[in-house]
Amino acid sequence: MGVENVLLEDPSVAQHVKVLPVVLLSIIDHYSRRTETQNRVIGTLLGSLNAEGVLEVRSAFPVRHSETVDQVSIDMEYHKQMYELHTRVNPKEAIVGWYASGNEINGYSVLIHEFYSLECNNPVHLTLDTLLEDERMALNAYVSSPFGKRESGQVMFNPIKCEVMYHEAERVAMNLLQQCKEAPSGTAPLQSDLDHLETAVGKLKAMIATAERYVEKVVRGELPEDRKVGRFLLETVAQVPKFDPKQFKELFNDSVQDLLMVVYLANLTRSQLALADQLQSVL
């Protein structure tokens with residue numbers, strides 16, 4: 001039986017890692033604050049593993065360590081204190097592994113992984129290429145398995161699927177950061193709800209146009225057909241609710257009128273409170 005099959009049969013081993021953007025920002029911030037003598041930084045990952053083997057990494061904190069040609073050392077007391085402070089705020093998050101800047105796995109990585117194996121079962125090792133070697137910030141996740149005789153202490157790191165997961169609020173924040181990057185001044189104003197709606201509708205129209213052009217090219221024989229893409233498009237179209245145009249127009253107008261009424265009442269309440277403050281200051 002191969003190593004991959006053994007890992008797949010173990011429910012306590014993560015098969016798929018989902019990382020929140022705040023974790024990546026924490027790693028980048030830690031790396032930017034490193035000392036001049038540090039080639040890489042490490043830290044602790046926190047999250048939870050579900051029954052399907054999907055590990056969700058929600059947060060991280062840095063850990064002091066030093067690496068020389070002869071040895072590596074970790075500030076265990078600092079790690080313990082940081083974890084105790086974190087559990088006071090997020091008691092449901094547990095240690096699930098550790099991260100390191102760069103994409104290199106060396107002999108010291110094995111020693112650090114052994115330390116985290118004492119903190120949790122089957123820890124995950126996450127690497128973030130902060131040097132942008134391939135002009136992109138590569139993100140990789142690994143789990144370890146014994147290599148050779150168990151008493152030898154040798155392990156091998158097996159890559160597993162890893163992706164960045166966004167919640168809606170985080171997606172808005174990341175889009176805003178992207179706008180700041182592209183703006184000449186380096187800043188971007190916050191959008192109102194209507195602006196967000198307009199942007200979302202514009203992106204939806206662009207995606208529909210892209211899918212339409214793809215289907216037309218497949219029909220004309222300019223592109224080869226792909227059953228997976230076709231099945232995905234069919235399922236997407238099937239999820240769109242069917243409305244009579246007249247009924248949809250009535251529902252839309254009713255929703256707009258309700259929204260305008262809420263906005264009117266909110267502005268009226270704000271005006272009344274401001275007027276009451278003025279009268280109270282005069283009296």
# chains A, B, ... in the order shown; residues from 1 in each chain; ligands from 1
$ select_by_dssp --residues "segment 157-238 of chain A" --states "helix (DSSP H, G or I)" --output "mmCIF file with N, CA and C atoms, in the first residue's frame"
data_model
loop_
_atom_site.group_PDB
_atom_site.id
_atom_site.type_symbol
_atom_site.label_atom_id
_atom_site.label_comp_id
_atom_site.auth_asym_id
_atom_site.auth_seq_id
_atom_site.Cartn_x
_atom_site.Cartn_y
_atom_site.Cartn_z
ATOM 1 N N GLU A 168 -17.224 36.683 2.463
ATOM 2 C CA GLU A 168 -17.681 37.823 1.674
ATOM 3 C C GLU A 168 -17.024 39.123 2.125
ATOM 4 N N ALA A 169 -16.931 39.340 3.442
ATOM 5 C CA ALA A 169 -16.310 40.571 3.936
ATOM 6 C C ALA A 169 -14.836 40.635 3.550
ATOM 7 N N GLU A 170 -14.158 39.491 3.586
ATOM 8 C CA GLU A 170 -12.743 39.470 3.211
ATOM 9 C C GLU A 170 -12.560 39.699 1.713
ATOM 10 N N ARG A 171 -13.494 39.201 0.917
ATOM 11 C CA ARG A 171 -13.402 39.423 -0.527
ATOM 12 C C ARG A 171 -13.512 40.907 -0.844
ATOM 13 N N VAL A 172 -14.415 41.599 -0.150
ATOM 14 C CA VAL A 172 -14.564 43.049 -0.356
ATOM 15 C C VAL A 172 -13.263 43.758 0.023
ATOM 16 N N ALA A 173 -12.663 43.352 1.143
ATOM 17 C CA ALA A 173 -11.423 43.983 1.588
ATOM 18 C C ALA A 173 -10.284 43.729 0.604
ATOM 19 N N MET A 174 -10.182 42.494 0.090
ATOM 20 C CA MET A 174 -9.123 42.177 -0.862
ATOM 21 C C MET A 174 -9.309 42.937 -2.172
ATOM 22 N N ASN A 175 -10.545 43.080 -2.616
ATOM 23 C CA ASN A 175 -10.795 43.868 -3.827
ATOM 24 C C ASN A 175 -10.418 45.327 -3.619
ATOM 25 N N LEU A 176 -10.666 45.839 -2.419
ATOM 26 C CA LEU A 176 -10.298 47.221 -2.123
ATOM 27 C C LEU A 176 -8.777 47.390 -2.105
ATOM 28 N N LEU A 177 -8.071 46.403 -1.547
ATOM 29 C CA LEU A 177 -6.609 46.458 -1.559
ATOM 30 C C LEU A 177 -6.068 46.405 -2.990
ATOM 31 N N GLN A 178 -6.725 45.636 -3.838
ATOM 32 C CA GLN A 178 -6.310 45.566 -5.233
ATOM 33 C C GLN A 178 -6.504 46.910 -5.923
ATOM 34 N N GLN A 179 -7.590 47.596 -5.590
ATOM 35 C CA GLN A 179 -7.829 48.927 -6.154
ATOM 36 C C GLN A 179 -6.772 49.917 -5.671
ATOM 37 N N CYS A 180 -6.372 49.793 -4.404
ATOM 38 C CA CYS A 180 -5.323 50.679 -3.890
ATOM 39 C C CYS A 180 -4.002 50.449 -4.628
ATOM 40 N N LYS A 181 -3.736 49.196 -4.972
ATOM 41 C CA LYS A 181 -2.503 48.877 -5.687
ATOM 42 C C LYS A 181 -2.487 49.509 -7.067
ATOM 43 N N GLU A 182 -3.622 49.528 -7.742
ATOM 44 C CA GLU A 182 -3.689 50.047 -9.102
ATOM 45 C C GLU A 182 -3.871 51.554 -9.149
ATOM 46 N N ASP A 193 -23.280 50.802 -0.943
ATOM 47 C CA ASP A 193 -23.967 49.564 -1.294
ATOM 48 C C ASP A 193 -24.378 49.551 -2.762
ATOM 49 N N LEU A 194 -24.838 50.703 -3.262
ATOM 50 C CA LEU A 194 -25.239 50.778 -4.664
ATOM 51 C C LEU A 194 -24.038 50.621 -5.590
ATOM 52 N N ASP A 195 -22.895 51.186 -5.183
ATOM 53 C CA ASP A 195 -21.684 51.024 -5.996
ATOM 54 C C ASP A 195 -21.246 49.564 -6.037
ATOM 55 N N HIS A 196 -21.345 48.894 -4.880
ATOM 56 C CA HIS A 196 -21.006 47.463 -4.853
ATOM 57 C C HIS A 196 -21.944 46.666 -5.758
ATOM 58 N N LEU A 197 -23.227 47.016 -5.720
ATOM 59 C CA LEU A 197 -24.195 46.322 -6.569
ATOM 60 C C LEU A 197 -23.875 46.555 -8.040
ATOM 61 N N GLU A 198 -23.535 47.784 -8.375
ATOM 62 C CA GLU A 198 -23.196 48.089 -9.762
ATOM 63 C C GLU A 198 -21.946 47.326 -10.208
ATOM 64 N N THR A 199 -20.943 47.254 -9.334
ATOM 65 C CA THR A 199 -19.721 46.516 -9.665
ATOM 66 C C THR A 199 -20.001 45.029 -9.835
ATOM 67 N N ALA A 200 -20.845 44.469 -8.945
ATOM 68 C CA ALA A 200 -21.166 43.043 -9.031
ATOM 69 C C ALA A 200 -21.931 42.731 -10.311
ATOM 70 N N VAL A 201 -22.870 43.591 -10.661
ATOM 71 C CA VAL A 201 -23.631 43.380 -11.898
ATOM 72 C C VAL A 201 -22.720 43.481 -13.113
ATOM 73 N N GLY A 202 -21.779 44.426 -13.090
ATOM 74 C CA GLY A 202 -20.838 44.554 -14.197
ATOM 75 C C GLY A 202 -19.970 43.311 -14.357
ATOM 76 N N LYS A 203 -19.478 42.758 -13.213
ATOM 77 C CA LYS A 203 -18.666 41.541 -13.285
ATOM 78 C C LYS A 203 -19.501 40.362 -13.778
ATOM 79 N N LEU A 204 -20.761 40.295 -13.346
ATOM 80 C CA LEU A 204 -21.642 39.216 -13.793
ATOM 81 C C LEU A 204 -21.869 39.286 -15.302
ATOM 82 N N LYS A 205 -22.092 40.488 -15.826
ATOM 83 C CA LYS A 205 -22.281 40.656 -17.270
ATOM 84 C C LYS A 205 -21.022 40.249 -18.027
ATOM 85 N N ALA A 206 -19.856 40.601 -17.495
ATOM 86 C CA ALA A 206 -18.600 40.242 -18.159
ATOM 87 C C ALA A 206 -18.402 38.729 -18.178
ATOM 88 N N MET A 207 -18.732 38.042 -17.073
ATOM 89 C CA MET A 207 -18.584 36.588 -17.029
ATOM 90 C C MET A 207 -19.571 35.900 -17.967
ATOM 91 N N ILE A 208 -20.802 36.427 -18.043
ATOM 92 C CA ILE A 208 -21.789 35.854 -18.967
ATOM 93 C C ILE A 208 -21.332 36.031 -20.413
ATOM 94 N N ALA A 209 -20.758 37.198 -20.719
ATOM 95 C CA ALA A 209 -20.251 37.440 -22.072
ATOM 96 C C ALA A 209 -19.097 36.491 -22.411
ATOM 97 N N THR A 210 -18.214 36.238 -21.424
ATOM 98 C CA THR A 210 -17.105 35.303 -21.650
ATOM 99 C C THR A 210 -17.618 33.892 -21.904
ATOM 100 N N ALA A 211 -18.591 33.447 -21.101
ATOM 101 C CA ALA A 211 -19.166 32.115 -21.292
ATOM 102 C C ALA A 211 -19.885 32.023 -22.642
ATOM 103 N N GLU A 212 -20.555 33.086 -23.038
ATOM 104 C CA GLU A 212 -21.255 33.091 -24.319
ATOM 105 C C GLU A 212 -20.285 32.982 -25.498
ATOM 106 N N ARG A 213 -19.182 33.713 -25.427
ATOM 107 C CA ARG A 213 -18.182 33.631 -26.495
ATOM 108 C C ARG A 213 -17.562 32.233 -26.562
ATOM 109 N N TYR A 214 -17.345 31.628 -25.395
ATOM 110 C CA TYR A 214 -16.772 30.280 -25.369
ATOM 111 C C TYR A 214 -17.716 29.283 -26.029
ATOM 112 N N VAL A 215 -19.004 29.352 -25.683
ATOM 113 C CA VAL A 215 -19.987 28.425 -26.265
ATOM 114 C C VAL A 215 -20.085 28.619 -27.771
ATOM 115 N N GLU A 216 -20.076 29.867 -28.216
ATOM 116 C CA GLU A 216 -20.153 30.125 -29.659
ATOM 117 C C GLU A 216 -18.948 29.552 -30.401
ATOM 118 N N LYS A 217 -17.761 29.666 -29.825
ATOM 119 C CA LYS A 217 -16.567 29.110 -30.466
ATOM 120 C C LYS A 217 -16.619 27.584 -30.503
ATOM 121 N N VAL A 218 -17.161 26.955 -29.451
ATOM 122 C CA VAL A 218 -17.282 25.499 -29.443
ATOM 123 C C VAL A 218 -18.276 25.053 -30.502
ATOM 124 N N VAL A 219 -19.384 25.770 -30.626
ATOM 125 C CA VAL A 219 -20.396 25.423 -31.627
ATOM 126 C C VAL A 219 -19.828 25.558 -33.040
ATOM 127 N N ARG A 220 -19.022 26.583 -33.270
ATOM 128 C CA ARG A 220 -18.435 26.789 -34.601
ATOM 129 C C ARG A 220 -17.255 25.859 -34.861
ATOM 130 N N ARG A 227 -16.488 18.348 -21.735
ATOM 131 C CA ARG A 227 -17.701 17.909 -21.049
ATOM 132 C C ARG A 227 -17.813 18.496 -19.651
ATOM 133 N N LYS A 228 -16.669 18.637 -18.965
ATOM 134 C CA LYS A 228 -16.710 19.200 -17.616
ATOM 135 C C LYS A 228 -17.197 20.643 -17.639
ATOM 136 N N VAL A 229 -16.690 21.420 -18.595
ATOM 137 C CA VAL A 229 -17.122 22.817 -18.710
ATOM 138 C C VAL A 229 -18.589 22.880 -19.093
ATOM 139 N N GLY A 230 -19.002 22.023 -20.028
ATOM 140 C CA GLY A 230 -20.408 22.018 -20.443
ATOM 141 C C GLY A 230 -21.339 21.639 -19.318
ATOM 142 N N ARG A 231 -20.937 20.641 -18.520
ATOM 143 C CA ARG A 231 -21.764 20.234 -17.381
ATOM 144 C C ARG A 231 -21.838 21.353 -16.342
ATOM 145 N N PHE A 232 -20.717 22.046 -16.142
ATOM 146 C CA PHE A 232 -20.709 23.146 -15.177
ATOM 147 C C PHE A 232 -21.625 24.279 -15.639
ATOM 148 N N LEU A 233 -21.577 24.624 -16.924
ATOM 149 C CA LEU A 233 -22.447 25.681 -17.450
ATOM 150 C C LEU A 233 -23.915 25.275 -17.348
ATOM 151 N N LEU A 234 -24.199 23.999 -17.616
ATOM 152 C CA LEU A 234 -25.578 23.525 -17.523
ATOM 153 C C LEU A 234 -26.095 23.607 -16.095
ATOM 154 N N GLU A 235 -25.273 23.194 -15.127
ATOM 155 C CA GLU A 235 -25.699 23.272 -13.723
ATOM 156 C C GLU A 235 -25.878 24.718 -13.277
ATOM 157 N N THR A 236 -25.020 25.610 -13.780
ATOM 158 C CA THR A 236 -25.131 27.022 -13.412
ATOM 159 C C THR A 236 -26.422 27.626 -13.945
ATOM 160 N N VAL A 237 -26.734 27.323 -15.208
ATOM 161 C CA VAL A 237 -27.963 27.853 -15.801
ATOM 162 C C VAL A 237 -29.191 27.271 -15.115
ATOM 163 N N ALA A 238 -29.115 25.992 -14.707
ATOM 164 C CA ALA A 238 -30.260 25.352 -14.053
ATOM 165 C C ALA A 238 -30.563 25.963 -12.693
#
$ closest_residue --among "A:Val17, A:Ala51, A:Arg88, A:Asp75" --to "Lys161 of chain A" --atoms "only C-alpha atoms"
A:Val17
$ residues_around --residues "Glu52 of chain A" --least-positions-apart "5" --cutoff "10 Å" --atoms "only C-alpha atoms" --output "NGL selection string"
:A and (11-16)
$ write_last_selection --atoms "N, CA, C and O atoms" --output "tab-separated table (two decimals), in the first residue's frame"
chain	number	residue	atom	x	y	z
A	11	PRO	N	-8.43	9.51	8.76
A	11	PRO	CA	-9.30	10.69	8.83
A	11	PRO	C	-8.69	11.85	9.60
A	11	PRO	O	-9.17	12.97	9.53
A	12	SER	N	-7.63	11.57	10.38
A	12	SER	CA	-7.01	12.64	11.17
A	12	SER	C	-5.97	13.41	10.38
A	12	SER	O	-5.40	14.38	10.89
A	13	VAL	N	-5.69	13.00	9.15
A	13	VAL	CA	-4.72	13.68	8.30
A	13	VAL	C	-5.46	14.57	7.32
A	13	VAL	O	-6.39	14.13	6.64
A	14	ALA	N	-5.05	15.82	7.23
A	14	ALA	CA	-5.71	16.76	6.32
A	14	ALA	C	-5.43	16.36	4.87
A	14	ALA	O	-4.30	16.02	4.51
A	15	GLN	N	-6.46	16.40	4.05
A	15	GLN	CA	-6.33	16.11	2.63
A	15	GLN	C	-6.44	17.38	1.79
A	15	GLN	O	-6.03	17.39	0.62
A	16	HIS	N	-7.00	18.41	2.36
A	16	HIS	CA	-7.26	19.65	1.62
A	16	HIS	C	-7.17	20.81	2.63
A	16	HIS	O	-7.79	20.75	3.69
$ residues_around --residues "segment 63-68 of chain A" --least-positions-apart "5" --cutoff "10 Å" --atoms "only C-alpha atoms" --output "count of residues only"
23
$ closest_residue --among "A:Ala60, A:Leu55, A:Cys120, A:Leu260" --to "Tyr142 of chain A" --atoms "only C-alpha atoms"
A:Leu55
$ residues_around --residues "Val22 of chain A" --least-positions-apart "3" --cutoff "12 Å" --atoms "only C-alpha atoms" --output "JSON, numbers by chain"
{"A": [18, 19, 25, 26, 27, 28, 29, 45, 46, 57, 58, 59, 60, 61, 164, 165, 166, 167, 169, 170, 171, 173, 174]}
$ closest_residue --among "A:Gln81, A:Asn158, A:Thr130, A:Asn121" --to "Ala94 of chain A" --atoms "only C-alpha atoms"
A:Asn121
$ atom_distance --atom1 "atom CA of Met156 of chain A" --atom2 "atom CA of Ile105 of chain A"
10.1 Å
$ atom_distance --atom1 "atom CA of Asp244 of chain A" --atom2 "atom CA of Gln257 of chain A"
20.0 Å
$ select_by_dssp --residues "segment 111-167 of chain A" --states "strand (DSSP E or B)" --output "ChimeraX atom specification"
/A:124-128,139-146,155-164
$ write_last_selection --atoms "C-alpha atoms" --output "JSON list (two decimals), in the first residue's frame"
[["chain", "number", "residue", "atom", "x", "y", "z"],
["A", 124, "VAL", "CA", 0.35, 20.67, 8.40],
["A", 125, "HIS", "CA", 3.36, 22.56, 7.09],
["A", 126, "LEU", "CA", 2.49, 25.68, 5.07],
["A", 127, "THR", "CA", 5.05, 27.52, 2.93],
["A", 128, "LEU", "CA", 4.60, 30.97, 1.40],
["A", 139, "LEU", "CA", 1.36, 28.84, -1.41],
["A", 140, "ASN", "CA", 1.94, 25.14, -0.66],
["A", 141, "ALA", "CA", 0.83, 22.75, 2.06],
["A", 142, "TYR", "CA", 2.44, 19.48, 3.19],
["A", 143, "VAL", "CA", 1.78, 16.63, 5.58],
["A", 144, "SER", "CA", 4.48, 14.28, 6.82],
["A", 145, "SER", "CA", 4.74, 10.53, 6.74],
["A", 146, "PRO", "CA", 7.45, 8.17, 8.08],
["A", 155, "VAL", "CA", 9.98, 11.72, 7.45],
["A", 156, "MET", "CA", 8.99, 12.87, 4.00],
["A", 157, "PHE", "CA", 6.73, 15.83, 3.21],
["A", 158, "ASN", "CA", 3.83, 15.03, 0.90],
["A", 159, "PRO", "CA", 2.10, 17.94, -0.87],
["A", 160, "ILE", "CA", -1.67, 18.26, -0.51],
["A", 161, "LYS", "CA", -4.24, 20.50, -2.12],
["A", 162, "CYS", "CA", -4.13, 24.08, -0.83],
["A", 163, "GLU", "CA", -6.21, 27.11, -1.72],
["A", 164, "VAL", "CA", -7.17, 30.52, -0.37]]
$ atom_distance --atom1 "atom CA of Glu119 of chain A" --atom2 "atom CA of Gly97 of chain A"
8.4 Å
$ decode --residues "segment 144-233 of chain A" --atoms "C-alpha atoms" --output "mmCIF file, in the first residue's frame"
data_model
loop_
_atom_site.group_PDB
_atom_site.id
_atom_site.type_symbol
_atom_site.label_atom_id
_atom_site.label_comp_id
_atom_site.auth_asym_id
_atom_site.auth_seq_id
_atom_site.Cartn_x
_atom_site.Cartn_y
_atom_site.Cartn_z
ATOM 1 C CA SER A 144 4.483 14.283 6.817
ATOM 2 C CA SER A 145 4.743 10.526 6.735
ATOM 3 C CA PRO A 146 7.452 8.169 8.083
ATOM 4 C CA PHE A 147 10.226 7.331 5.679
ATOM 5 C CA GLY A 148 12.244 4.171 6.171
ATOM 6 C CA LYS A 149 12.323 2.694 9.646
ATOM 7 C CA ARG A 150 10.184 4.476 12.215
ATOM 8 C CA GLU A 151 12.967 4.453 14.810
ATOM 9 C CA SER A 152 15.193 6.369 12.380
ATOM 10 C CA GLY A 153 12.987 9.454 12.750
ATOM 11 C CA GLN A 154 13.080 10.204 9.028
ATOM 12 C CA VAL A 155 9.983 11.719 7.447
ATOM 13 C CA MET A 156 8.987 12.875 3.997
ATOM 14 C CA PHE A 157 6.730 15.826 3.214
ATOM 15 C CA ASN A 158 3.827 15.025 0.895
ATOM 16 C CA PRO A 159 2.101 17.944 -0.867
ATOM 17 C CA ILE A 160 -1.668 18.261 -0.507
ATOM 18 C CA LYS A 161 -4.241 20.504 -2.123
ATOM 19 C CA CYS A 162 -4.132 24.076 -0.826
ATOM 20 C CA GLU A 163 -6.215 27.109 -1.719
ATOM 21 C CA VAL A 164 -7.170 30.524 -0.374
ATOM 22 C CA MET A 165 -10.733 30.774 0.934
ATOM 23 C CA TYR A 166 -12.579 34.083 1.107
ATOM 24 C CA HIS A 167 -15.563 35.073 3.171
ATOM 25 C CA GLU A 168 -17.681 37.823 1.674
ATOM 26 C CA ALA A 169 -16.310 40.571 3.936
ATOM 27 C CA GLU A 170 -12.743 39.470 3.211
ATOM 28 C CA ARG A 171 -13.402 39.423 -0.527
ATOM 29 C CA VAL A 172 -14.564 43.049 -0.356
ATOM 30 C CA ALA A 173 -11.423 43.983 1.588
ATOM 31 C CA MET A 174 -9.123 42.177 -0.862
ATOM 32 C CA ASN A 175 -10.795 43.868 -3.827
ATOM 33 C CA LEU A 176 -10.298 47.221 -2.123
ATOM 34 C CA LEU A 177 -6.609 46.458 -1.559
ATOM 35 C CA GLN A 178 -6.310 45.566 -5.233
ATOM 36 C CA GLN A 179 -7.829 48.927 -6.154
ATOM 37 C CA CYS A 180 -5.323 50.679 -3.890
ATOM 38 C CA LYS A 181 -2.503 48.877 -5.687
ATOM 39 C CA GLU A 182 -3.689 50.047 -9.102
ATOM 40 C CA ALA A 183 -4.513 53.629 -8.030
ATOM 41 C CA PRO A 184 -1.788 56.254 -8.673
ATOM 42 C CA SER A 185 -2.222 57.733 -5.193
ATOM 43 C CA GLY A 186 -2.165 54.313 -3.514
ATOM 44 C CA THR A 187 -5.587 54.902 -1.944
ATOM 45 C CA ALA A 188 -9.135 53.973 -2.901
ATOM 46 C CA PRO A 189 -12.446 55.272 -1.512
ATOM 47 C CA LEU A 190 -14.936 52.951 0.140
ATOM 48 C CA GLN A 191 -17.867 52.092 -2.087
ATOM 49 C CA SER A 192 -21.498 52.444 -1.096
ATOM 50 C CA ASP A 193 -23.967 49.564 -1.294
ATOM 51 C CA LEU A 194 -25.239 50.778 -4.664
ATOM 52 C CA ASP A 195 -21.684 51.024 -5.996
ATOM 53 C CA HIS A 196 -21.006 47.463 -4.853
ATOM 54 C CA LEU A 197 -24.195 46.322 -6.569
ATOM 55 C CA GLU A 198 -23.196 48.089 -9.762
ATOM 56 C CA THR A 199 -19.721 46.516 -9.665
ATOM 57 C CA ALA A 200 -21.166 43.043 -9.031
ATOM 58 C CA VAL A 201 -23.631 43.380 -11.898
ATOM 59 C CA GLY A 202 -20.838 44.554 -14.197
ATOM 60 C CA LYS A 203 -18.666 41.541 -13.285
ATOM 61 C CA LEU A 204 -21.642 39.216 -13.793
ATOM 62 C CA LYS A 205 -22.281 40.656 -17.270
ATOM 63 C CA ALA A 206 -18.600 40.242 -18.159
ATOM 64 C CA MET A 207 -18.584 36.588 -17.029
ATOM 65 C CA ILE A 208 -21.789 35.854 -18.967
ATOM 66 C CA ALA A 209 -20.251 37.440 -22.072
ATOM 67 C CA THR A 210 -17.105 35.303 -21.650
ATOM 68 C CA ALA A 211 -19.166 32.115 -21.292
ATOM 69 C CA GLU A 212 -21.255 33.091 -24.319
ATOM 70 C CA ARG A 213 -18.182 33.631 -26.495
ATOM 71 C CA TYR A 214 -16.772 30.280 -25.369
ATOM 72 C CA VAL A 215 -19.987 28.425 -26.265
ATOM 73 C CA GLU A 216 -20.153 30.125 -29.659
ATOM 74 C CA LYS A 217 -16.567 29.110 -30.466
ATOM 75 C CA VAL A 218 -17.282 25.499 -29.443
ATOM 76 C CA VAL A 219 -20.396 25.423 -31.627
ATOM 77 C CA ARG A 220 -18.435 26.789 -34.601
ATOM 78 C CA GLY A 221 -15.697 24.196 -34.023
ATOM 79 C CA GLU A 222 -13.003 26.739 -33.188
ATOM 80 C CA LEU A 223 -12.449 25.190 -29.750
ATOM 81 C CA PRO A 224 -12.649 21.532 -28.666
ATOM 82 C CA GLU A 225 -15.615 20.593 -26.531
ATOM 83 C CA ASP A 226 -15.072 19.959 -22.841
ATOM 84 C CA ARG A 227 -17.701 17.909 -21.049
ATOM 85 C CA LYS A 228 -16.710 19.200 -17.616
ATOM 86 C CA VAL A 229 -17.122 22.817 -18.710
ATOM 87 C CA GLY A 230 -20.408 22.018 -20.443
ATOM 88 C CA ARG A 231 -21.764 20.234 -17.381
ATOM 89 C CA PHE A 232 -20.709 23.146 -15.177
ATOM 90 C CA LEU A 233 -22.447 25.681 -17.450
#
